[in-house]
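Source file: final_22.csv (CSV, C-alpha atoms)
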```csv
chain,number,residue,atom,x,y,z
A,42,TRP,CA,26.3,1.5,2.4
A,43,LEU,CA,27.8,3.4,-0.5
A,44,LEU,CA,28.9,6.2,1.9
A,45,HIS,CA,30.5,3.5,4.1
A,46,LEU,CA,32.5,2.2,1.1
A,47,HIS,CA,33.5,5.8,0.2
A,48,THR,CA,34.8,6.4,3.7
A,49,LEU,CA,36.9,3.2,3.5
A,50,ASN,CA,38.3,4.1,0.1
A,51,ASP,CA,37.9,7.5,-1.5
A,52,ALA,CA,38.3,5.9,-5.0
A,53,SER,CA,34.8,4.5,-4.4
A,54,PRO,CA,32.1,6.9,-5.7
A,55,LEU,CA,30.8,9.6,-3.5
A,56,PRO,CA,27.0,8.9,-3.1
A,57,VAL,CA,24.6,11.9,-3.3
A,58,TYR,CA,20.9,11.4,-2.7
A,59,ILE,CA,18.3,13.8,-4.1
A,60,ASP,CA,14.6,13.6,-3.6
A,61,VAL,CA,13.1,15.9,-6.2
A,62,ARG,CA,9.7,15.6,-4.7
A,63,ARG,CA,10.8,17.9,-1.9
A,64,TYR,CA,11.0,20.7,-4.5
A,65,LEU,CA,7.8,19.9,-6.4
A,66,ARG,CA,4.8,19.0,-4.2
A,67,ASN,CA,4.5,21.8,-1.7
A,68,ALA,CA,1.5,23.7,-2.9
A,69,ASN,CA,2.0,26.4,-0.2
A,70,GLU,CA,5.2,27.7,-1.7
A,71,ALA,CA,5.7,29.5,-5.0
A,72,ARG,CA,7.5,27.6,-7.7
A,73,GLU,CA,10.3,30.2,-7.8
A,74,THR,CA,10.9,29.7,-4.0
A,75,LEU,CA,11.2,26.0,-4.4
A,76,ALA,CA,13.5,26.3,-7.4
A,77,LEU,CA,15.8,28.7,-5.5
A,78,ARG,CA,16.0,26.3,-2.6
A,79,PHE,CA,16.8,23.5,-5.0
A,80,ARG,CA,19.7,25.5,-6.5
A,81,GLU,CA,21.1,26.3,-3.1
A,82,HIS,CA,21.0,22.7,-2.1
A,83,LEU,CA,22.8,21.7,-5.3
A,84,LEU,CA,25.5,24.2,-4.9
A,85,PRO,CA,27.9,22.1,-2.8
A,86,LEU,CA,27.6,19.2,-5.3
A,87,GLN,CA,28.3,21.6,-8.2
A,88,LYS,CA,31.4,23.0,-6.4
A,89,TYR,CA,32.6,19.5,-5.6
A,90,MET,CA,32.3,18.3,-9.2
A,91,GLU,CA,34.1,21.4,-10.5
A,92,GLN,CA,36.9,21.2,-7.9
A,93,PHE,CA,37.5,17.4,-8.3
A,94,PRO,CA,36.4,16.6,-11.8
A,95,TRP,CA,38.3,13.3,-11.7
A,96,LEU,CA,36.6,11.8,-8.7
A,97,PRO,CA,33.6,9.5,-9.3
A,98,VAL,CA,30.1,10.5,-8.0
A,99,VAL,CA,27.0,8.3,-8.0
A,100,LEU,CA,23.8,10.4,-7.9
A,101,LEU,CA,20.7,8.6,-6.5
A,102,ILE,CA,17.7,10.4,-7.9
A,103,ASP,CA,14.4,9.7,-6.1
A,104,GLY,CA,10.9,11.1,-6.6
A,105,ILE,CA,10.5,10.6,-10.4
A,106,ASP,CA,6.9,9.3,-10.0
A,107,GLN,CA,4.4,8.3,-12.6
A,108,TYR,CA,1.5,9.2,-10.4
A,109,ILE,CA,2.1,13.0,-9.9
A,110,LYS,CA,1.6,15.6,-12.5
A,111,ILE,CA,4.4,18.1,-12.1
A,112,ASP,CA,6.5,20.7,-13.8
A,113,THR,CA,9.8,18.9,-14.7
A,114,SER,CA,12.0,22.0,-14.7
A,115,VAL,CA,13.8,20.9,-11.5
A,116,GLU,CA,14.6,17.6,-13.1
A,117,ASP,CA,15.8,19.3,-16.3
A,118,GLU,CA,18.0,21.6,-14.3
A,119,LEU,CA,19.5,18.7,-12.4
A,120,LEU,CA,20.2,16.8,-15.6
A,121,ALA,CA,21.8,19.9,-17.2
A,122,LEU,CA,24.1,20.3,-14.2
A,123,ILE,CA,25.5,16.8,-14.2
A,124,GLY,CA,25.4,16.3,-18.0
A,125,ASP,CA,28.9,17.7,-18.6
A,126,HIS,CA,30.5,15.6,-15.8
A,127,GLN,CA,31.5,12.2,-17.2
A,128,GLN,CA,32.4,10.9,-13.7
A,129,VAL,CA,28.8,11.2,-12.5
A,130,LYS,CA,26.7,8.0,-12.7
A,131,LYS,CA,22.9,8.2,-12.1
A,132,ILE,CA,20.7,5.7,-10.2
A,133,VAL,CA,17.2,6.8,-10.9
A,134,ALA,CA,14.2,5.4,-9.0
A,135,ILE,CA,10.9,5.6,-10.9
A,136,GLY,CA,7.7,5.4,-8.9
A,137,LEU,CA,5.3,3.5,-11.0
A,138,ASN,CA,1.5,4.0,-11.0
A,139,TYR,CA,0.0,0.5,-10.5
A,140,VAL,CA,-3.3,1.6,-8.9
A,141,ALA,CA,-5.5,3.2,-11.6
A,142,ASP,CA,-5.7,5.8,-14.4
A,143,LYS,CA,-2.2,4.8,-15.7
A,144,GLU,CA,-2.1,7.2,-18.7
A,145,ARG,CA,-3.1,10.4,-16.9
A,146,TYR,CA,0.3,11.2,-15.6
A,147,ARG,CA,2.5,9.3,-18.1
A,148,ARG,CA,5.9,10.9,-17.7
A,149,ASP,CA,8.4,11.9,-20.3
A,150,LEU,CA,11.5,10.1,-19.2
A,151,SER,CA,13.6,10.9,-22.2
A,152,GLY,CA,16.2,12.7,-20.0
A,153,PHE,CA,16.9,9.3,-18.3
A,154,ASN,CA,17.1,7.2,-21.5
A,155,SER,CA,19.9,4.9,-22.6
A,156,PRO,CA,20.6,3.3,-19.2
A,157,GLU,CA,23.5,1.0,-18.8
A,158,VAL,CA,21.2,-1.2,-16.6
A,159,HIS,CA,17.4,-1.2,-16.4
A,160,LEU,CA,16.3,-2.9,-13.2
A,161,VAL,CA,12.7,-3.6,-12.2
A,162,LEU,CA,12.6,-4.4,-8.5
A,163,SER,CA,10.4,-7.4,-7.7
A,164,GLY,CA,10.1,-9.9,-4.8
A,165,LEU,CA,11.5,-13.3,-4.2
A,166,ALA,CA,9.2,-16.3,-3.6
A,167,LEU,CA,9.3,-17.8,-0.1
A,168,ASP,CA,10.9,-21.0,-1.4
A,169,ASP,CA,13.6,-19.1,-3.3
A,170,PRO,CA,17.0,-20.2,-1.9
A,171,ARG,CA,18.3,-16.7,-2.2
A,172,LEU,CA,15.8,-15.3,0.3
A,173,ALA,CA,17.9,-15.5,3.4
A,174,GLU,CA,20.8,-13.9,1.6
A,175,LEU,CA,18.6,-11.1,0.5
A,176,ILE,CA,17.6,-10.4,4.1
A,177,ASP,CA,21.2,-10.4,5.3
A,178,VAL,CA,22.5,-8.2,2.4
A,179,PHE,CA,19.7,-5.7,3.0
A,180,GLN,CA,20.5,-5.6,6.7
A,181,GLU,CA,24.2,-4.9,5.9
A,182,ILE,CA,23.1,-2.1,3.5
A,183,ILE,CA,21.0,-0.3,6.1
A,184,SER,CA,23.0,-1.0,9.3
A,185,LEU,CA,26.3,-2.4,8.2
A,186,SER,CA,25.7,-5.7,9.9
A,187,ALA,CA,23.5,-8.8,9.4
A,188,LYS,CA,22.0,-10.4,12.5
A,189,PRO,CA,20.8,-14.0,12.1
A,190,ALA,CA,18.1,-13.5,14.8
A,191,ILE,CA,16.6,-10.7,12.8
A,192,ARG,CA,16.7,-12.7,9.6
A,193,GLU,CA,14.8,-15.5,11.4
A,194,ALA,CA,12.3,-13.1,12.8
A,195,VAL,CA,11.7,-11.7,9.2
A,196,LEU,CA,11.3,-15.2,7.7
A,197,THR,CA,8.9,-16.2,10.5
A,198,ALA,CA,6.8,-13.0,10.0
A,199,VAL,CA,6.6,-13.4,6.2
A,200,GLN,CA,5.2,-16.9,6.6
A,201,ALA,CA,2.8,-15.9,9.4
A,202,PHE,CA,1.6,-12.9,7.4
A,203,GLY,CA,0.8,-15.0,4.4
A,204,LEU,CA,3.0,-13.1,2.0
A,205,PRO,CA,3.5,-15.1,-1.3
A,206,SER,CA,6.9,-13.3,-1.8
A,207,LEU,CA,9.1,-10.8,-0.2
A,208,ASP,CA,10.0,-7.5,-1.9
A,209,LEU,CA,12.2,-4.7,-0.8
A,210,PHE,CA,9.3,-2.5,0.4
A,211,ASN,CA,7.9,-5.1,2.8
A,212,LEU,CA,11.4,-6.2,3.8
A,213,SER,CA,12.3,-2.6,4.8
A,214,LEU,CA,9.1,-2.4,6.9
A,215,LEU,CA,9.8,-5.7,8.6
A,216,LEU,CA,13.4,-4.6,9.4
A,217,ARG,CA,12.1,-1.3,10.6
A,218,TYR,CA,9.3,-2.4,12.9
A,219,LEU,CA,10.1,-6.0,14.1
A,220,PRO,CA,13.2,-5.1,16.2
A,221,THR,CA,11.7,-1.9,17.6
A,222,GLN,CA,8.3,-3.0,18.8
A,223,ARG,CA,7.8,-4.5,22.3
A,224,THR,CA,5.1,-6.6,20.8
A,225,ALA,CA,5.8,-7.4,17.1
A,226,PRO,CA,2.9,-6.8,14.7
A,227,ALA,CA,0.8,-9.9,14.7
A,228,SER,CA,-0.5,-9.6,11.1
A,229,LEU,CA,0.2,-7.7,7.9
A,230,CYS,CA,-2.6,-5.4,8.9
A,231,GLY,CA,-0.7,-4.5,12.1
A,232,LEU,CA,2.5,-3.9,10.1
A,233,TYR,CA,0.8,-1.6,7.6
A,234,SER,CA,-1.1,0.2,10.3
A,235,LEU,CA,2.2,1.2,11.9
A,236,PHE,CA,3.7,2.3,8.6
A,237,CYS,CA,0.6,4.3,7.6
A,238,ASP,CA,0.5,6.1,10.9
A,239,ASP,CA,4.2,7.0,10.7
A,240,PHE,CA,3.9,8.0,7.0
A,241,LEU,CA,0.9,10.3,7.5
A,242,SER,CA,2.4,11.9,10.6
A,243,ARG,CA,5.5,13.1,8.9
A,244,VAL,CA,6.0,16.7,7.6
A,245,ASP,CA,3.1,18.7,8.9
A,246,ARG,CA,1.2,15.9,10.7
A,247,SER,CA,-1.9,16.7,8.6
A,248,GLY,CA,-2.3,13.3,7.1
A,249,SER,CA,-5.4,11.3,7.9
A,250,LEU,CA,-5.9,7.5,7.7
A,251,ALA,CA,-9.6,7.9,7.1
A,252,ARG,CA,-9.0,10.3,4.2
A,253,ALA,CA,-6.3,8.0,2.8
A,254,ALA,CA,-8.7,5.0,3.0
A,255,ARG,CA,-11.5,6.9,1.3
A,256,LEU,CA,-9.1,8.2,-1.4
A,257,ALA,CA,-7.8,4.7,-2.1
A,258,PHE,CA,-11.4,3.5,-2.5
A,259,GLU,CA,-12.5,6.4,-4.7
A,260,TYR,CA,-9.4,6.1,-6.9
A,261,ALA,CA,-9.1,2.4,-7.3
A,262,VAL,CA,-12.7,1.0,-6.8
A,263,HIS,CA,-15.3,3.7,-7.3
A,264,THR,CA,-16.4,4.2,-10.9
A,265,ASP,CA,-16.8,8.0,-10.7
A,266,PRO,CA,-13.6,9.9,-11.7
A,267,ILE,CA,-12.0,12.1,-9.0
A,268,ASP,CA,-10.3,15.5,-9.4
A,269,HIS,CA,-6.6,14.5,-9.1
A,270,ASN,CA,-5.5,18.1,-8.7
A,271,ASP,CA,-7.3,18.2,-5.3
A,272,HIS,CA,-5.0,15.4,-4.0
A,273,VAL,CA,-1.6,15.2,-5.7
A,274,THR,CA,0.1,17.4,-3.2
A,275,LYS,CA,-1.3,15.5,-0.2
A,276,ARG,CA,0.4,12.8,2.0
A,277,GLU,CA,-2.6,10.6,1.4
A,278,TRP,CA,-2.0,10.5,-2.3
A,279,ALA,CA,1.6,9.5,-1.9
A,280,LEU,CA,0.6,6.8,0.6
A,281,ILE,CA,-1.8,5.0,-1.7
A,282,HIS,CA,0.9,4.7,-4.3
A,283,ARG,CA,3.6,3.4,-1.9
A,284,HIS,CA,2.8,-0.2,-2.7
A,285,ARG,CA,0.0,-2.2,-4.2
A,286,LEU,CA,-0.7,-4.0,-0.9
A,287,ILE,CA,-0.9,-0.6,0.9
A,288,SER,CA,-3.6,0.4,-1.5
A,289,ASP,CA,-5.4,-2.9,-0.9
A,290,TYR,CA,-5.1,-2.4,2.9
A,291,LEU,CA,-6.5,1.1,2.7
A,292,ILE,CA,-9.5,0.0,0.6
A,293,ALA,CA,-10.2,-2.7,3.3
A,294,VAL,CA,-9.9,-0.1,6.0
A,295,TYR,CA,-12.6,2.0,4.2
A,296,VAL,CA,-14.9,-1.0,3.6
A,297,VAL,CA,-14.8,-2.3,7.1
A,298,GLU,CA,-15.4,1.2,8.6
A,299,ARG,CA,-18.5,1.4,6.3
A,300,PHE,CA,-19.9,-1.7,7.9
A,301,ARG,CA,-19.0,-0.4,11.4
A,302,GLU,CA,-20.9,2.8,10.7
A,303,LEU,CA,-23.9,0.9,9.6
A,304,GLY,CA,-23.6,-1.2,12.8
A,305,ARG,CA,-23.6,2.1,14.8
A,306,GLY,CA,-26.9,3.0,13.2
A,307,ASN,CA,-25.4,5.8,11.1
A,308,THR,CA,-26.4,6.5,7.5
A,309,ILE,CA,-23.8,5.8,4.8
A,310,ASP,CA,-23.7,5.8,1.0
A,311,MET,CA,-24.9,2.2,0.4
A,312,GLY,CA,-23.3,2.3,-3.1
A,313,ASP,CA,-20.0,2.0,-1.3
A,314,LEU,CA,-20.9,-1.6,-0.4
A,315,ASN,CA,-22.0,-2.6,-3.8
A,316,TYR,CA,-18.8,-4.4,-4.6
A,317,VAL,CA,-17.3,-7.9,-4.2
A,318,TYR,CA,-13.6,-7.9,-3.6
A,319,PRO,CA,-10.7,-10.2,-4.5
A,320,PHE,CA,-8.6,-12.1,-2.0
A,321,GLU,CA,-5.9,-9.4,-2.0
A,322,ILE,CA,-8.4,-7.0,-0.3
A,323,ASN,CA,-10.5,-9.6,1.6
A,324,ARG,CA,-7.4,-10.9,3.5
A,325,PHE,CA,-7.2,-7.4,5.1
A,326,ILE,CA,-10.9,-7.1,5.6
A,327,LYS,CA,-10.9,-10.3,7.7
A,328,ASP,CA,-8.1,-9.0,10.0
A,329,LEU,CA,-9.7,-5.6,10.4
A,330,VAL,CA,-13.0,-7.1,11.3
A,331,ASN,CA,-11.4,-9.0,14.1
A,332,VAL,CA,-9.2,-6.2,15.7
A,333,ASN,CA,-11.4,-6.5,18.9
A,334,ARG,CA,-14.7,-7.7,20.2
A,335,GLU,CA,-16.6,-4.4,19.6
A,336,SER,CA,-15.5,-4.4,16.0
A,337,GLN,CA,-16.8,-7.9,15.3
A,338,PHE,CA,-20.3,-7.1,16.7
A,339,LEU,CA,-20.5,-3.7,14.9
A,340,VAL,CA,-19.6,-5.3,11.6
A,341,LEU,CA,-22.2,-8.1,12.2
A,342,LYS,CA,-24.9,-5.5,12.8
A,343,GLY,CA,-23.7,-3.6,9.7
A,344,ALA,CA,-23.8,-6.8,7.7
A,345,GLU,CA,-27.4,-7.4,8.7
A,346,ALA,CA,-28.4,-3.9,7.8
A,347,ALA,CA,-26.5,-4.2,4.4
A,348,TYR,CA,-28.3,-7.5,3.7
A,349,ASP,CA,-31.7,-5.8,4.1
A,350,THR,CA,-31.0,-3.5,1.2
A,351,SER,CA,-31.7,-6.4,-1.2
A,352,VAL,CA,-28.9,-5.4,-3.5
A,353,MET,CA,-27.3,-8.7,-4.5
A,354,THR,CA,-23.6,-7.7,-4.5
A,355,THR,CA,-24.1,-5.9,-1.2
A,356,GLN,CA,-25.8,-9.0,0.3
A,357,THR,CA,-23.0,-11.2,-1.0
A,358,HIS,CA,-20.3,-9.1,0.7
A,359,ALA,CA,-22.4,-8.9,3.9
A,360,CYS,CA,-22.6,-12.7,4.0
A,361,TYR,CA,-18.9,-13.0,3.3
A,362,ILE,CA,-17.9,-10.5,6.1
A,363,ALA,CA,-20.3,-12.1,8.6
A,364,GLY,CA,-18.5,-15.4,8.2
A,365,ARG,CA,-15.1,-14.0,9.2
A,366,VAL,CA,-15.7,-13.2,12.9
A,367,THR,CA,-13.7,-15.2,15.4
A,368,ILE,CA,-14.9,-15.0,19.0
A,369,LEU,CA,-17.5,-17.6,20.0
A,370,ASP,CA,-20.6,-15.4,20.7
A,371,ALA,CA,-20.0,-13.4,17.5
A,372,ARG,CA,-19.7,-16.7,15.6
A,373,ARG,CA,-23.1,-17.8,17.0
A,374,ALA,CA,-24.7,-14.5,16.1
A,375,ALA,CA,-23.2,-14.8,12.6
A,376,GLU,CA,-24.5,-18.3,12.2
A,377,ARG,CA,-28.1,-17.1,13.1
A,378,PHE,CA,-27.8,-14.4,10.5
A,379,LEU,CA,-26.4,-16.7,7.8
A,380,ARG,CA,-29.1,-19.3,8.5
A,381,THR,CA,-31.7,-16.6,7.8
A,382,CYS,CA,-30.0,-15.8,4.5
A,383,GLU,CA,-29.9,-19.5,3.7
A,384,ALA,CA,-33.7,-19.8,4.4
A,385,ASP,CA,-34.3,-16.8,2.0
A,386,LEU,CA,-32.5,-18.6,-0.7
A,387,GLN,CA,-34.2,-21.9,-0.1
A,388,LYS,CA,-37.5,-20.1,-0.5
A,389,VAL,CA,-36.5,-18.7,-3.8
A,390,ARG,CA,-35.1,-22.1,-4.9
A,391,SER,CA,-38.4,-23.8,-4.1
A,392,GLU,CA,-40.1,-21.4,-6.6
A,393,ARG,CA,-37.5,-21.2,-9.4
A,394,SER,CA,-33.9,-21.8,-10.3
A,395,LEU,CA,-31.4,-19.4,-8.8
A,396,ALA,CA,-30.0,-16.7,-11.1
A,397,ARG,CA,-26.2,-16.3,-11.5
A,398,MET,CA,-25.8,-13.7,-8.7
A,399,GLU,CA,-28.1,-15.6,-6.4
A,400,LEU,CA,-25.9,-18.7,-7.0
A,401,LEU,CA,-22.9,-16.6,-6.0
A,402,LEU,CA,-24.8,-15.4,-2.9
A,403,SER,CA,-25.7,-19.0,-2.0
A,404,ARG,CA,-22.1,-20.1,-2.4
A,405,THR,CA,-20.9,-17.3,-0.1
A,406,VAL,CA,-23.5,-18.2,2.6
A,407,TYR,CA,-22.4,-21.8,2.7
A,408,ILE,CA,-18.6,-21.0,2.6
A,409,SER,CA,-19.1,-18.5,5.4
A,410,LEU,CA,-21.0,-21.1,7.5
A,411,ALA,CA,-18.2,-23.6,6.8
A,412,ASN,CA,-15.7,-21.0,7.8
A,413,LEU,CA,-17.5,-20.6,11.1
A,414,GLY,CA,-16.9,-24.3,11.8
A,415,LEU,CA,-20.3,-25.8,10.7
A,416,ARG,CA,-19.2,-29.0,9.1
A,417,ASP,CA,-22.5,-29.7,7.4
A,418,ALA,CA,-22.5,-26.4,5.4
A,419,SER,CA,-20.1,-27.5,2.7
A,420,GLY,CA,-22.0,-30.7,2.2
A,421,GLN,CA,-25.3,-28.8,2.0
A,422,TYR,CA,-23.8,-26.5,-0.7
A,423,LEU,CA,-22.4,-29.4,-2.8
A,424,GLY,CA,-25.7,-31.3,-2.4
```
Kindly transcribe the structure held in the file into structure tokens.
Amino acid sequence: WLLHLHTLNDASPLPVYIDVRRYLRNANEARETLALRFREHLLPLQKYMEQFPWLPVVLLIDGIDQYIKIDTSVEDELLALIGDHQQVKKIVAIGLNYVADKERYRRDLSGFNSPEVHLVLSGLALDDPRLAELIDVFQEIISLSAKPAIREAVLTAVQAFGLPSLDLFNLSLLLRYLPTQRTAPASLCGLYSLFCDDFLSRVDRSGSLARAARLAFEYAVHTDPIDHNDHVTKREWALIHRHRLISDYLIAVYVVERFRELGRGNTIDMGDLNYVYPFEINRFIKDLVNVNRESQFLVLKGAEAAYDTSVMTTQTHACYIAGRVTILDARRAAERFLRTCEADLQKVRSERSLARMELLLSRTVYISLANLGLRDASGQYLG
């Protein structure tokens, strides 16, 4: 869009985009080699500013991320280059760390201080009257035109996917994938699956969804610290920090695959199932469980095996996940399993009052039965 404006009127600033991550995260190249390439790529800009010092330039700097520990010499060199040119304005995108371990890579951003405008990008609520305008303006920025049909497709998808708000990240994905897919993604899981596959296949195609899912789980959920230096140069590390919902989706991918592995009769670390998750992750778990018939029955078998461990949090999550299957014969199998769990709790209740975690398990059993369409379950729980 900025380049379009510049081509229409050369008095408009010349936009120059620089992703400093390209010169920082390649562990297979020496720092000196990356620095040399950076200087070579900057040379045309340097000559332009020296030859036309009166012409305005807007420099879009990307890759200043709070979740990667790096040598900032490239950034320093860039700032030194443009520091003497008053016609240069900077737009600096800061990638924030919202997953975990926020202080480990706290960046020194003093070189970018005293901004004329400090903007934190957030989403618009679905009932915000500006939402349609946001979609149209964003279309114009990326394709120079706004199509009402695409706007309506985006609004329909946002409501169908259950997004409470629409931010620029999710809007960019919807505009990228909705018009190009023969069959539009039917859920937020489907949308994120497309994005993750594309993201991990870029560069050297060495990215792995399974590794990304495990890394998201270990980084954001697991209590044991991880060695960040083993991951910070990998595509999987960048992926889990793209957006909070992407991290939630990847955690759900890992959890559901643990249940499937149990359902296949394989041995897993049962400690990985010793968690109860919030809605933000459970919403993805439900969709992933139901991707096909095989998945539903594998997860059910895994839930039964997990319940047999007698670890209360694991049992609670097993009962939650069993109540989310959708096909008829899987729902019947889930009901039989949950009725067994209900009978176990009734036996305990006949002997003593239920402890706090047992009450949570009981509540989960009845909510899952109600979710399967058993109308008496909610009454039994309240009774």
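What separates CA of Phe320 (chain A) from CA of Ile368 (chain A) is a distance of 22.1 Å.
Here the question is which of A:Ser288, A:Asn315, A:Thr354, A:Ser184 gets nearest to Arg255 (chain A) using only C-alpha atoms, and that residue is A:Ser288.
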Atom pair CA of Ala371 (chain A) / CA of Leu329 (chain A): separation (Å): 14.7 Å
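Here CA of Val61 (chain A) is placed at a distance of 11.4 Å from CA of Arg78 (chain A).
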Identify which of the residues A:Gln356, A:Gln87, A:Thr48, A:Thr367 lies closest to Met398 (chain A), counting all atoms listed in the file when measuring atom-to-atom distances. A:Gln356
Near-Tyr233 (chain A) list (9 Å; all atoms listed in the file; drop same-chain fewer than 6 positions) as a ChimeraX atom specification: /A:214,286-287,290
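Minimum distance to Thr381 (chain A) across A:Glu399, A:Glu321, A:Glu345, A:Asp239 (counting all atoms listed in the file) occurs at A:Glu345.
In terms of minimum interatomic distance to Cys360 (chain A), A:Leu402 ranks closest within A:Leu402, A:Val332, A:Val340, A:Leu185, counting only C-alpha atoms.
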Quick one: everything within 12 Å of Ala166 (chain A), counting all atoms listed in the file, minus sequence neighbours fewer than 6 positions away in the same chain. Send it as a short mmCIF file (atom, residue, chain, number, x, y, z; two decimals) with C-alpha atoms, in the frame of the given file.
```cif
data_model
loop_
_atom_site.label_atom_id
_atom_site.label_comp_id
_atom_site.auth_asym_id
_atom_site.auth_seq_id
_atom_site.Cartn_x
_atom_site.Cartn_y
_atom_site.Cartn_z
CA LEU A 172 15.80 -15.30 0.30
CA ALA A 173 17.90 -15.50 3.40
CA LEU A 175 18.60 -11.10 0.50
CA LEU A 196 11.30 -15.20 7.70
CA VAL A 199 6.60 -13.40 6.20
CA GLN A 200 5.20 -16.90 6.60
CA GLY A 203 0.80 -15.00 4.40
CA LEU A 204 3.00 -13.10 2.00
CA PRO A 205 3.50 -15.10 -1.30
CA SER A 206 6.90 -13.30 -1.80
CA LEU A 207 9.10 -10.80 -0.20
CA ASP A 208 10.00 -7.50 -1.90
#
```
Residues within 12 Å of (-14.2, 3.5, 12.4), file coordinates, counting only C-alpha atoms: what are they? Give the list as JSON, numbers by chain. {"A": [250, 251, 252, 254, 255, 293, 294, 295, 296, 297, 298, 299, 300, 301, 302, 303, 304, 305, 307, 329, 330, 332, 335, 336, 339, 340]}
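Environment of (-0.3, -8.5, 14.5): residues at most 12 Å away, judged by only C-alpha atoms, are Ala198, Val199, Ala201, Phe202, Tyr218, Leu219, Gln222, Arg223, Thr224, Ala225, Pro226, Ala227, Ser228, Leu229, Cys230, Gly231, Leu232, Tyr233, Ser234, Leu235, Phe325, Asp328, Leu329, Asn331 and Val332 of chain A.
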Save out the residues we just selected, C-alpha atoms, as a CSV table (one decimal), in the frame of the given file.
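File produced: part15.csv:
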```csv
chain,number,residue,atom,x,y,z
A,198,ALA,CA,6.8,-13.0,10.0
A,199,VAL,CA,6.6,-13.4,6.2
A,201,ALA,CA,2.8,-15.9,9.4
A,202,PHE,CA,1.6,-12.9,7.4
A,218,TYR,CA,9.3,-2.4,12.9
A,219,LEU,CA,10.1,-6.0,14.1
A,222,GLN,CA,8.3,-3.0,18.8
A,223,ARG,CA,7.8,-4.5,22.3
A,224,THR,CA,5.1,-6.6,20.8
A,225,ALA,CA,5.8,-7.4,17.1
A,226,PRO,CA,2.9,-6.8,14.7
A,227,ALA,CA,0.8,-9.9,14.7
A,228,SER,CA,-0.5,-9.6,11.1
A,229,LEU,CA,0.2,-7.7,7.9
A,230,CYS,CA,-2.6,-5.4,8.9
A,231,GLY,CA,-0.7,-4.5,12.1
A,232,LEU,CA,2.5,-3.9,10.1
A,233,TYR,CA,0.8,-1.6,7.6
A,234,SER,CA,-1.1,0.2,10.3
A,235,LEU,CA,2.2,1.2,11.9
A,325,PHE,CA,-7.2,-7.4,5.1
A,328,ASP,CA,-8.1,-9.0,10.0
A,329,LEU,CA,-9.7,-5.6,10.4
A,331,ASN,CA,-11.4,-9.0,14.1
A,332,VAL,CA,-9.2,-6.2,15.7
```
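Residues lying within 9 Å of Phe179 (chain A), counting all atoms listed in the file and ignoring same-chain neighbours fewer than 4 positions away, are Glu174, Leu175, Ile183, Ser184, Ala187, Leu209, Leu212 and Ser213 of chain A.
Non-sequential neighbours of His263 (chain A) (distance at most 10 Å, separation of 3 or more positions within a chain, only C-alpha atoms) are A:Arg255, A:Leu256, A:Ala257, A:Phe258, A:Glu259, A:Tyr260, A:Pro266, A:Ile267, A:Gly312, A:Asp313, A:Asn315, A:Tyr316.
In terms of minimum interatomic distance to Val317 (chain A), A:Leu401 ranks closest within A:Ile102, A:Ile123, A:Leu401, A:Val161, counting all atoms listed in the file.
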Using only C-alpha atoms: which of A:Tyr407, A:Phe338, A:Trp42, A:Phe93 has the shortest distance to Glu383 (chain A): A:Tyr407
